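> The structure that follows is given in the form of structure tokens.
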Amino acid sequence: MIDQLVRDNIKAMEAYASARHDFTGKGQVFLDANESPFPNGLNRYPDPLQTKVLHRLAALTGIDKDQIILGNGSDEIIDLVLRTFCEPKQDNIIVCPPTYGMYKVSAAINNIEIRQAPLQENFQLDLEGIAENISQRSKIIFICSPNNPSGNLLNRMDIESLLKSFNGIVFVDEAYIDFANQVSLIDLLDRHTNLIISQTFSKARASAGIRLGVAFASKTIITYLRKIKPPYNINDLTAKAAIDQLDDSKFQTNINKIVTQRIYLAEEISKISFVKKIFKSDANFLLIKVDNANMRYQQLLEKEIVVRNRSKELHCNDCLRITVGTNQENLFLLKTLKALQ
């Protein structure tokens with residue numbers, strides 16, 4: 001099935017083989033890659049497959065390393081998936097707004113038609129709306145769960161229904177899954193060869209600055225994605241930082257702190273007179289509806305508190321998205337909000 005979805009030119013092309021792809025075994029003198037011979041810790045090209053990081057991820061997740069690929073942020077993975085499966089000017093993708101904006105941006109860059117099947121007002125999938133948008137040229141359905149900007153998990157049974165009924169790729173973005181009370185959908189990979197799951201080091205792993213995304217999928221899909229990725233898309237500094245974060249003993253403790261603070265923030269913000277609604281969150285942020293989002297955003301900015309105004313997004317009129325900060329930051333936010341009443 002997967003081979004039939006892949007673009008013909010991708011199937012036919014020969015992948016670029018870097019010097020580090022060609023070389024196997026041990027070496028003492030490296031004269032193959034036109035690198036600088038003067039050692040400074042960074043004079044050599046990085047491992048094109050980042051084997052150490054993949055082995056560590058495989059050990060943590062129980063997923064075979066041949067079912068994992070790393071990207072320069074999740075955005076590169078999104079782009080790789082689009083370029084592997086979607087023929088420009090012919091194929092289309094389906095997105096479910098309000099959702100992460102890079103699905104549309106990357107599709108537009110690649111000249112791929114974008115079809116929209118909006119989430120329902122409770123921010124859950126509209127399966128009928130998705131079905132109405134599916135055509136013979138529909139290749140990918142992008143789903144963000146927990147969703148951004150609403151923060152809620154999408155119904156697992158709905159996602160499984162799409163995996164069974166859709167003859168294309170279902171891409172599930174799990175950037176915020178570590179903050180949810182539901183486990184990743186990784187366990188579905190063995191049953192659904194059309195599933196791609198992306199995760200990131202930018203949120204729970206506290207490493208937004210290293211720009212590292214991860215995708216889990218069937219070996220067939222990963223083989224195609226590796227075929228077209230840039231040879232050295234992950235640098236050595238990023239790889240080292242990734243391994244350090246994967247071994248961080250404070251990982252779960254920090255997640256627990258954020259979840260605790262998220263609950264506390266929701267309780268306290270609900271007491272603010274101009275707050276109309278707080279949406280249930282399974283992420284590290286809260287979406288709140290206020291009386292006037294533009295005004296409240298500016299008032300917070302004047303106090304040097306930067307939040308995100310999401311009012312232009314579907315179902316998010318007069319909504320602000322607030323990331324859960326440290327205890328000190330959250331107290332300052334609450335003090336400021338109370339003073340604005």
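Labels used: A, B, ... for chains in the order of the structure tokens, numbers from 1 for residues in each chain, and numbers from 1 for ligands as shown.
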Set the distance at 10 Å and use only C-alpha atoms: which residues neighbour Ala15 of chain A once local chain neighbours fewer than 4 positions away are removed? I'd like the list as a count of residues only.
9
> Skip segment 269-278 of chain A itself and residues of its chain fewer than 5 positions away, then list as a list of chain:residue names all residues within 10 Å of it, counting only C-alpha atoms.
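Here the qualifying residues turn out to be A:Ser150, A:Tyr264, A:Leu286, A:Leu287, A:Ile288, A:Lys289, A:Val290, A:Asp291, A:Asn292, A:Ala293, A:Arg296, A:Asp318, A:Cys319, A:Leu320, A:Leu333, A:Leu334, A:Leu337, A:Lys338, A:Ala339, A:Leu340, A:Gln341.
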> Could you pull the residues within 7 Å of Phe201 of chain A, counting only C-alpha atoms, minus those fewer than 6 positions along the same chain, as a count of residues only?
4
> Mind checking DSSP for segment 228-284 of chain A and telling me the strand (DSSP E) residues as a PyMOL selection string?
chain A and resi 275-278
> Using only C-alpha atoms, can you tell me which of A:Met295, A:Leu225, A:Leu125, A:Ile93 comes closest to Ile77 of chain A?
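Nearest candidate to Ile77 of chain A out of A:Met295, A:Leu225, A:Leu125, A:Ile93: A:Leu225.
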> Find, counting only C-alpha atoms, the residue in A:Leu300, A:Val105, A:Ile68, A:Leu162 that gets nearest to Asn194 of chain A.
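The answer is A:Leu162, which sits nearest to Asn194 of chain A.
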> Assign secondary structure with DSSP using the backbone only, and return the residues of segment 152-183 of chain A in helix (DSSP H, G or I) as a list in words.
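The residues of segment 152-183 of chain A classed as helix (DSSP H, G or I) are Arg156, Met157, Asp158, Ile159, Glu160, Ser161, Leu162, Leu163, Lys164, Ser165, Ile177, Asp178 and Phe179 of chain A.
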